[in-house]
Amino acid sequence: MDTDITIIGAGVVGLATGEKLSESFSNLYVIEKHPTFGQETSSRNSEVIHAGIYYPEGSLKAALCVEGKNLLYEYCRKHEIPYNNCGKLIVATTPEEVEVIEGIKETARKNGVELDIVENEQIAELEPHIYALKALHSPTTGIVDTHSLMKQLEAGIINNGGQMVYGSEVKGIRKLDEGYEITLLDADGQYFSFSTRIVINSAGLTADKISEITGIKDEKLSIHFCKGEYFRINPPKNRMIRRLIYPVPHENMEGIGIHVTIDMAGGVKLGPDVTYLDSNEYDYRVNASKQEAFWKSAKKFLPFLEIDDICPEMAGIRPKIQKRGDPQRDFYIMEESARGYKGFINLIGMESPGLTSCLSIANYISGLVTNIK
Ligand SMILES: Cc1cc2nc3c(=O)[nH]c(=O)nc-3n(C[C@H](O)[C@H](O)[C@H](O)COP(=O)(O)OP(=O)(O)OC[C@H]3O[C@@H](n4cnc5c(N)ncnc54)[C@H](O)[C@@H]3O)c2cc1C
């Protein structure tokens with residue numbers, strides 16, 4: 001075997017997994033088609049450390065988010081990665097939403113996340129400029145500088161003796177009697193093959209394609225691109241917000257509503273919205289004609305906002321295995337021995353809270369690797 005472990009994809013999940021596994025396996029490659037890490041979903045998101053509020057009890061999303069959040073805060077402190085445990089408010093602006101937030105508090109409690117119900121005076125103290133009838137305060141929510149996080153994870157892999165292989169796209173995977181043969185296309189247009197005992201498919205938006213070229217065909221694992229667009233709140237009104245502010249989420253959790261996020265540089269964004277794309281194309285354009293819709297959504301709880309206070313910013317794409325209109329799906333993280341692919345570990349549908357959960361996902365995968373017979 002040329003190597004023990006091959007991780008496909010240098011997003012935050014692939015990198016975290018690489019750092020964890022390189023502690024035990026010196027023979028480890030992380031393969032990435034772009035010239036550097038984090039060029040796709042891992043750098044096109046809200047950078048929120050989620051508390052673990054909305055995910056169904058017993059789901060991987062719930063467990064890995066709650067565990068991952070704590071690990072991530074600890075990791076940031078240890079490695080001096082910029083973060084801010086700023087907290088978040090979920091705001092009810094209608095009597096119907098006031099009822100819904102009681103249910104959210106209960107779901108969160110089942111996941112081990114305590115939220116406080118806050119009313120008029122406390123809301124005004126926390127966020128003097130917003131409108132809310134009632135709100136939930138989540139003290140463990142925060143934000144992180146994702147680029148610094150990924151840079152640290154990459155450094156961890158290299159320091160442990162793992163190899164980052166950039167500018168190389170996985171084009172073929174062939175099952176061998178023992179392990180797999182991986183074929184890469186490098187930046188010079190050259191093909192190159194090597195053998196590996198274990199493959200970890202952390203290819204984000206194209207993880208379903210990687211699974212398919214290996215031989216695993218399963219319609220339930222098809223990824224549906226779902227775009228999230230953001231608008232920025234221009235200065236000086238960005239300074240009227242101190243923490244994350246979310247509306248009450250949609251019922252099937254396709255997204256958690258156009259919310260307000262702050263970043264480590266003091267920027268304030270509205271978004272992301274939820275738009276399933278008709279085909280899986282990398283379309284990161286922001287549709288400027290959505291400005292009015294974003295403004296109207298946010299104005300419900302940001303009464304000071306005028307339409308010209310916002311402008312288009314950026315977009316990201318969620319790798320959803322939940323089809324449009326279907327109920328929420330969990331992360332799919334599986335060692336595929338049961339399908340006849342021993343040592344092949346699939347990570348598919350790694351949407352939010354994938355960033356928050358990256359370190360707990362890495363531990364989970366480490367457990368799967370240990371159990372391969
Ligand atoms: C709009 C939006 C907002 C979000 N907000 C949050 C948030 O606030 N908090 C949170 O916890 N999560 C959030 N998420 C989710 C989070 O961003 C993702 O879960 C996380 O970034 C997934 O990381 P990844 O490593 O799995 O995927 P990616 O970052 O997509 O990395 C996959 C990598 O695989 C590479 N690759 C693919 N195919 C190949 C191939 N054939 N050969 C070589 N390399 C390949 C790609 O180039 C890419 O670099 C958000 C997501 C979106 C879209």
# chains A, B, ... in the order shown; residues from 1 in each chain; ligands from 1

$ residues_near_ligand --ligand "ligand 1" --cutoff "6 Å" --atoms "only C-alpha atoms and all ligand atoms" --output "short mmCIF file (atom, residue, chain, number, x, y, z; two decimals) with N, CA and C atoms, in the first residue's frame"
data_model
loop_
_atom_site.label_atom_id
_atom_site.label_comp_id
_atom_site.auth_asym_id
_atom_site.auth_seq_id
_atom_site.Cartn_x
_atom_site.Cartn_y
_atom_site.Cartn_z
N ILE A 8 -10.32 12.77 0.91
CA ILE A 8 -10.63 13.56 -0.29
C ILE A 8 -11.36 14.83 0.15
N GLY A 9 -10.69 15.97 -0.02
CA GLY A 9 -11.32 17.25 0.30
C GLY A 9 -10.65 17.95 1.47
N ALA A 10 -10.15 19.15 1.22
CA ALA A 10 -9.54 19.96 2.27
C ALA A 10 -10.45 21.13 2.64
N GLY A 11 -11.72 20.80 2.96
CA GLY A 11 -12.60 21.75 3.63
C GLY A 11 -12.36 21.58 5.12
N VAL A 12 -13.17 22.26 5.92
CA VAL A 12 -12.90 22.24 7.36
C VAL A 12 -13.09 20.83 7.94
N VAL A 13 -14.01 20.04 7.35
CA VAL A 13 -14.24 18.69 7.87
C VAL A 13 -13.08 17.77 7.49
N GLY A 14 -12.65 17.82 6.23
CA GLY A 14 -11.51 17.00 5.80
C GLY A 14 -10.26 17.35 6.58
N ILE A 31 -6.20 15.06 -0.20
CA ILE A 31 -6.20 15.43 -1.63
C ILE A 31 -7.21 16.55 -1.85
N GLU A 32 -6.78 17.60 -2.52
CA GLU A 32 -7.67 18.75 -2.76
C GLU A 32 -7.49 19.24 -4.19
N LYS A 33 -8.62 19.45 -4.87
CA LYS A 33 -8.50 19.85 -6.29
C LYS A 33 -8.08 21.32 -6.46
N HIS A 34 -8.39 22.16 -5.48
CA HIS A 34 -7.99 23.57 -5.58
C HIS A 34 -6.54 23.75 -5.11
N PHE A 37 -6.57 25.11 0.71
CA PHE A 37 -7.72 24.58 1.46
C PHE A 37 -8.91 25.55 1.44
N GLY A 38 -10.09 24.99 1.75
CA GLY A 38 -11.26 25.81 2.07
C GLY A 38 -11.73 26.76 0.99
N GLN A 39 -11.70 26.35 -0.27
CA GLN A 39 -12.13 27.26 -1.34
C GLN A 39 -13.62 27.12 -1.66
N GLU A 40 -14.29 26.15 -1.03
CA GLU A 40 -15.71 25.99 -1.35
C GLU A 40 -16.56 26.32 -0.12
N THR A 41 -17.43 25.42 0.31
CA THR A 41 -18.42 25.75 1.35
C THR A 41 -17.78 26.24 2.65
N SER A 42 -16.59 25.74 2.96
CA SER A 42 -15.98 26.11 4.24
C SER A 42 -15.58 27.58 4.32
N ASN A 45 -19.79 30.58 4.35
CA ASN A 45 -20.83 30.26 5.35
C ASN A 45 -20.91 31.38 6.38
N SER A 46 -21.73 31.17 7.40
CA SER A 46 -21.97 32.24 8.38
C SER A 46 -20.92 32.29 9.50
N GLU A 47 -20.04 31.29 9.54
CA GLU A 47 -18.97 31.23 10.57
C GLU A 47 -19.53 31.20 11.99
N VAL A 48 -20.71 30.61 12.13
CA VAL A 48 -21.34 30.57 13.45
C VAL A 48 -20.99 29.26 14.16
N ILE A 49 -20.62 29.38 15.42
CA ILE A 49 -20.49 28.19 16.27
C ILE A 49 -21.89 27.98 16.85
N HIS A 50 -22.58 26.99 16.28
CA HIS A 50 -23.97 26.77 16.70
C HIS A 50 -24.03 26.08 18.05
N SER A 168 -4.97 18.71 -7.13
CA SER A 168 -5.13 17.34 -7.65
C SER A 168 -6.56 16.88 -7.44
N GLU A 169 -7.20 16.56 -8.54
CA GLU A 169 -8.62 16.17 -8.46
C GLU A 169 -8.74 14.66 -8.54
N VAL A 170 -9.51 14.09 -7.62
CA VAL A 170 -9.76 12.64 -7.68
C VAL A 170 -10.69 12.37 -8.85
N LYS A 171 -10.22 11.54 -9.78
CA LYS A 171 -11.01 11.23 -10.98
C LYS A 171 -11.49 9.79 -10.99
N SER A 202 -14.63 13.21 1.91
CA SER A 202 -15.06 14.47 2.53
C SER A 202 -15.11 15.56 1.46
N ALA A 203 -15.70 15.19 0.32
CA ALA A 203 -15.65 16.04 -0.88
C ALA A 203 -16.78 17.05 -0.96
N GLY A 204 -17.49 17.28 0.13
CA GLY A 204 -18.46 18.37 0.18
C GLY A 204 -19.53 18.27 -0.90
N LEU A 205 -19.57 19.26 -1.78
CA LEU A 205 -20.65 19.37 -2.76
C LEU A 205 -20.64 18.22 -3.77
N THR A 206 -19.49 17.57 -3.94
CA THR A 206 -19.46 16.45 -4.90
C THR A 206 -19.19 15.11 -4.21
N GLY A 228 -27.46 29.69 -0.59
CA GLY A 228 -27.79 30.66 0.46
C GLY A 228 -27.10 31.96 0.12
N PRO A 272 -28.25 33.41 5.52
CA PRO A 272 -28.54 33.13 4.12
C PRO A 272 -30.01 32.77 3.89
N GLY A 316 -23.20 30.98 -0.61
CA GLY A 316 -22.63 29.66 -0.40
C GLY A 316 -23.63 28.63 -0.88
N ILE A 317 -23.18 27.39 -1.02
CA ILE A 317 -24.10 26.34 -1.49
C ILE A 317 -24.10 25.19 -0.48
N ARG A 318 -25.30 24.82 -0.04
CA ARG A 318 -25.44 23.71 0.91
C ARG A 318 -25.49 22.38 0.13
N MET A 350 -23.01 17.15 4.30
CA MET A 350 -22.35 17.82 5.43
C MET A 350 -22.63 19.32 5.38
N GLU A 351 -23.89 19.63 5.56
CA GLU A 351 -24.30 21.04 5.60
C GLU A 351 -24.14 21.55 7.03
N SER A 352 -24.78 22.64 7.38
CA SER A 352 -24.70 23.15 8.74
C SER A 352 -25.30 22.11 9.70
N PRO A 353 -24.72 21.84 10.84
CA PRO A 353 -23.63 22.52 11.51
C PRO A 353 -22.26 21.85 11.30
N GLY A 354 -21.86 21.67 10.04
CA GLY A 354 -20.60 20.97 9.76
C GLY A 354 -19.37 21.70 10.27
N LEU A 355 -19.40 23.03 10.18
CA LEU A 355 -18.27 23.80 10.69
C LEU A 355 -18.17 23.65 12.22
N THR A 356 -19.27 23.87 12.90
CA THR A 356 -19.28 23.75 14.36
C THR A 356 -18.82 22.37 14.80
#

$ residues_around --residues "segment 285-302 of chain A" --least-positions-apart "4" --cutoff "12 Å" --atoms "only C-alpha atoms" --output "number ranges by chain"
A: 89-94, 123, 127-135, 227-233, 237-238, 240-241, 245-248, 257-261, 269-275, 277, 281, 306-317

$ residues_around --residues "Leu126 of chain A" --least-positions-apart "5" --cutoff "9 Å" --atoms "only C-alpha atoms" --output "ChimeraX atom specification"
/A:89,121,242-243

$ select_by_dssp --residues "segment 37-153 of chain A" --states "helix (DSSP H, G or I)" --output "number ranges by chain"
A: 41-43, 60-79, 95-110, 120-126, 146-153

$ write_last_selection --atoms "N, CA and C atoms" --output "short mmCIF file (atom, residue, chain, number, x, y, z; two decimals), in the first residue's frame"
data_model
loop_
_atom_site.label_atom_id
_atom_site.label_comp_id
_atom_site.auth_asym_id
_atom_site.auth_seq_id
_atom_site.Cartn_x
_atom_site.Cartn_y
_atom_site.Cartn_z
N THR A 41 -17.43 25.42 0.31
CA THR A 41 -18.42 25.75 1.35
C THR A 41 -17.78 26.24 2.65
N SER A 42 -16.59 25.74 2.96
CA SER A 42 -15.98 26.11 4.24
C SER A 42 -15.58 27.58 4.32
N SER A 43 -15.54 28.27 3.18
CA SER A 43 -15.28 29.70 3.26
C SER A 43 -16.47 30.52 2.75
N LEU A 60 -27.25 12.64 14.60
CA LEU A 60 -25.81 12.95 14.59
C LEU A 60 -25.61 14.45 14.66
N LYS A 61 -26.46 15.20 13.94
CA LYS A 61 -26.31 16.66 13.93
C LYS A 61 -26.39 17.20 15.36
N ALA A 62 -27.35 16.72 16.14
CA ALA A 62 -27.50 17.21 17.52
C ALA A 62 -26.27 16.84 18.35
N ALA A 63 -25.92 15.56 18.32
CA ALA A 63 -24.83 15.11 19.19
C ALA A 63 -23.49 15.73 18.79
N LEU A 64 -23.21 15.74 17.48
CA LEU A 64 -21.90 16.23 17.04
C LEU A 64 -21.79 17.75 17.17
N CYS A 65 -22.94 18.43 17.04
CA CYS A 65 -22.90 19.89 17.18
C CYS A 65 -22.62 20.28 18.63
N VAL A 66 -23.32 19.66 19.56
CA VAL A 66 -23.14 20.02 20.97
C VAL A 66 -21.72 19.67 21.44
N GLU A 67 -21.26 18.48 21.05
CA GLU A 67 -19.89 18.09 21.44
C GLU A 67 -18.87 18.97 20.70
N GLY A 68 -19.14 19.19 19.41
CA GLY A 68 -18.20 19.94 18.57
C GLY A 68 -18.04 21.38 19.01
N LYS A 69 -19.14 21.98 19.43
CA LYS A 69 -19.10 23.38 19.90
C LYS A 69 -18.10 23.52 21.05
N ASN A 70 -18.18 22.61 22.02
CA ASN A 70 -17.28 22.70 23.17
C ASN A 70 -15.83 22.45 22.76
N LEU A 71 -15.65 21.45 21.88
CA LEU A 71 -14.28 21.16 21.41
C LEU A 71 -13.72 22.36 20.64
N LEU A 72 -14.59 23.00 19.86
CA LEU A 72 -14.12 24.11 19.02
C LEU A 72 -13.70 25.32 19.88
N TYR A 73 -14.51 25.64 20.89
CA TYR A 73 -14.11 26.76 21.77
C TYR A 73 -12.75 26.45 22.43
N GLU A 74 -12.59 25.19 22.87
CA GLU A 74 -11.35 24.80 23.54
C GLU A 74 -10.16 24.91 22.56
N TYR A 75 -10.38 24.43 21.33
CA TYR A 75 -9.34 24.45 20.29
C TYR A 75 -8.94 25.89 19.96
N CYS A 76 -9.95 26.76 19.86
CA CYS A 76 -9.67 28.17 19.54
C CYS A 76 -8.84 28.80 20.65
N ARG A 77 -9.19 28.51 21.90
CA ARG A 77 -8.43 29.07 23.02
C ARG A 77 -6.99 28.56 22.97
N LYS A 78 -6.85 27.24 22.77
CA LYS A 78 -5.52 26.62 22.80
C LYS A 78 -4.62 27.20 21.70
N HIS A 79 -5.19 27.40 20.50
CA HIS A 79 -4.36 27.80 19.36
C HIS A 79 -4.49 29.29 19.01
N PRO A 95 -47.51 36.85 17.84
CA PRO A 95 -47.97 35.96 18.92
C PRO A 95 -47.79 34.48 18.56
N GLU A 96 -47.95 34.12 17.26
CA GLU A 96 -47.77 32.72 16.84
C GLU A 96 -46.33 32.29 17.09
N GLU A 97 -45.39 33.17 16.79
CA GLU A 97 -43.98 32.82 16.98
C GLU A 97 -43.63 32.71 18.46
N VAL A 98 -44.33 33.45 19.30
CA VAL A 98 -44.09 33.35 20.74
C VAL A 98 -44.35 31.91 21.19
N GLU A 99 -45.42 31.31 20.64
CA GLU A 99 -45.72 29.91 21.00
C GLU A 99 -44.63 28.97 20.50
N VAL A 100 -44.13 29.23 19.28
CA VAL A 100 -43.12 28.35 18.69
C VAL A 100 -41.83 28.34 19.52
N ILE A 101 -41.47 29.49 20.09
CA ILE A 101 -40.18 29.51 20.79
C ILE A 101 -40.18 28.63 22.04
N GLU A 102 -41.35 28.40 22.62
CA GLU A 102 -41.42 27.46 23.77
C GLU A 102 -40.97 26.07 23.31
N GLY A 103 -41.44 25.68 22.11
CA GLY A 103 -41.08 24.37 21.54
C GLY A 103 -39.59 24.28 21.24
N ILE A 104 -39.04 25.38 20.76
CA ILE A 104 -37.59 25.38 20.44
C ILE A 104 -36.78 25.20 21.73
N LYS A 105 -37.22 25.84 22.79
CA LYS A 105 -36.52 25.72 24.09
C LYS A 105 -36.50 24.25 24.53
N GLU A 106 -37.62 23.57 24.29
CA GLU A 106 -37.75 22.17 24.70
C GLU A 106 -36.84 21.26 23.85
N THR A 107 -36.85 21.47 22.51
CA THR A 107 -35.97 20.67 21.63
C THR A 107 -34.52 20.87 22.06
N ALA A 108 -34.16 22.12 22.32
CA ALA A 108 -32.78 22.42 22.72
C ALA A 108 -32.43 21.71 24.03
N ARG A 109 -33.38 21.75 24.98
CA ARG A 109 -33.11 21.12 26.29
C ARG A 109 -32.84 19.63 26.13
N LYS A 110 -33.61 18.98 25.23
CA LYS A 110 -33.40 17.54 24.98
C LYS A 110 -32.00 17.29 24.42
N ASN A 120 -39.17 41.95 27.48
CA ASN A 120 -38.92 43.35 27.09
C ASN A 120 -37.63 44.01 27.60
N GLU A 121 -37.53 44.10 28.95
CA GLU A 121 -36.40 44.87 29.48
C GLU A 121 -35.06 44.23 29.17
N GLN A 122 -35.04 42.88 29.32
CA GLN A 122 -33.78 42.18 29.06
C GLN A 122 -33.40 42.26 27.59
N ILE A 123 -34.42 42.18 26.71
CA ILE A 123 -34.13 42.29 25.27
C ILE A 123 -33.52 43.67 25.00
N ALA A 124 -34.13 44.68 25.59
CA ALA A 124 -33.63 46.05 25.36
C ALA A 124 -32.21 46.22 25.89
N GLU A 125 -31.90 45.50 26.96
CA GLU A 125 -30.54 45.59 27.49
C GLU A 125 -29.53 44.92 26.56
N LEU A 126 -29.95 43.72 26.06
CA LEU A 126 -29.03 42.96 25.20
C LEU A 126 -28.87 43.62 23.84
N THR A 146 -12.99 31.34 10.41
CA THR A 146 -12.86 30.01 9.78
C THR A 146 -11.51 29.84 9.07
N HIS A 147 -11.03 30.91 8.45
CA HIS A 147 -9.76 30.79 7.73
C HIS A 147 -8.63 30.42 8.71
N SER A 148 -8.59 31.13 9.86
CA SER A 148 -7.53 30.83 10.85
C SER A 148 -7.68 29.41 11.38
N LEU A 149 -8.93 28.99 11.55
CA LEU A 149 -9.17 27.63 12.03
C LEU A 149 -8.60 26.62 11.03
N MET A 150 -8.92 26.81 9.74
CA MET A 150 -8.45 25.84 8.74
C MET A 150 -6.93 25.88 8.61
N LYS A 151 -6.36 27.06 8.74
CA LYS A 151 -4.90 27.17 8.65
C LYS A 151 -4.23 26.39 9.78
N GLN A 152 -4.81 26.47 10.97
CA GLN A 152 -4.27 25.74 12.12
C GLN A 152 -4.42 24.23 11.92
N LEU A 153 -5.57 23.81 11.39
CA LEU A 153 -5.79 22.38 11.17
C LEU A 153 -4.78 21.85 10.13
#

$ residues_around --residues "His224 of chain A" --least-positions-apart "3" --cutoff "7 Å" --atoms "only C-alpha atoms" --output "CSV table (one decimal) with C-alpha atoms, in the first residue's frame"
chain,number,residue,atom,x,y,z
A,280,ASN,CA,-25.8,21.1,-9.4
A,319,PRO,CA,-24.8,20.1,-0.1
A,320,LYS,CA,-28.3,18.9,0.8
A,321,ILE,CA,-29.5,15.3,0.7
A,323,LYS,CA,-34.8,17.2,-1.3

$ closest_residue --among "A:Ser211, A:Ser357, A:Pro235, A:Gly189" --to "Glu336 of chain A" --atoms "only C-alpha atoms"
A:Ser211

$ select_by_dssp --residues "segment 155-282 of chain A" --states "strand (DSSP E or B)" --output "PyMOL selection string"
chain A and resi 163-165+168-175+180-186+191-201+224-233+244-247+259-262+268-271+275-276

$ closest_residue --among "A:Ile262, A:Asn371, A:Asp208, A:Pro35" --to "Lys88 of chain A" --atoms "only C-alpha atoms"
A:Ile262

$ residues_around --residues "Leu368 of chain A" --least-positions-apart "2" --cutoff "12 Å" --atoms "only C-alpha atoms" --output "CSV table (one decimal) with C-alpha atoms, in the first residue's frame"
chain,number,residue,atom,x,y,z
A,17,THR,CA,-10.3,14.7,10.2
A,21,LEU,CA,-6.0,10.8,12.1
A,198,ILE,CA,-8.7,3.6,3.8
A,199,VAL,CA,-10.6,6.3,1.9
A,200,ILE,CA,-12.5,9.1,3.6
A,333,ILE,CA,-21.4,9.4,7.9
A,334,MET,CA,-20.8,5.7,7.2
A,335,GLU,CA,-18.1,3.2,7.0
A,336,GLU,CA,-19.4,1.3,3.9
A,337,SER,CA,-18.4,-2.4,4.8
A,342,LYS,CA,-14.6,-2.0,3.6
A,343,GLY,CA,-12.4,0.9,4.6
A,344,PHE,CA,-14.4,3.5,2.5
A,345,ILE,CA,-16.0,6.2,4.7
A,346,ASN,CA,-18.6,8.4,3.2
A,347,LEU,CA,-19.5,11.9,4.6
A,361,ILE,CA,-16.9,14.6,13.3
A,362,ALA,CA,-13.1,14.0,13.3
A,363,ASN,CA,-13.3,12.0,16.5
A,364,TYR,CA,-16.3,10.1,15.2
A,365,ILE,CA,-14.4,9.1,12.1
A,366,SER,CA,-11.4,8.2,14.1
A,370,THR,CA,-10.4,2.0,14.7
A,371,ASN,CA,-13.3,-0.4,14.2
A,372,ILE,CA,-12.4,-1.5,10.7
A,373,LYS,CA,-11.7,-5.2,10.9

$ residues_around --residues "Glu19 of chain A" --least-positions-apart "5" --cutoff "10 Å" --atoms "only C-alpha atoms" --output "list in words"
Val13, Gly14, Ser24, Phe25, Leu28, Val30, Gln152, Leu153, Glu154, Ala155, Gly156, Ile157, Ile158, Asn159, Asn160, Gly161, Gly162, Leu359 and Ala362 of chain A

$ closest_residue --among "A:Ser360, A:Thr6, A:Asn84, A:Thr141" --to "Thr183 of chain A" --atoms "only C-alpha atoms"
A:Thr6

$ closest_residue --among "A:Tyr83, A:Phe331, A:Tyr180, A:Tyr284" --to "Pro56 of chain A" --atoms "only C-alpha atoms"
A:Phe331

$ atom_distance --atom1 "atom CA of Asp2 of chain A" --atom2 "atom CA of Thr196 of chain A"
5.9 Å
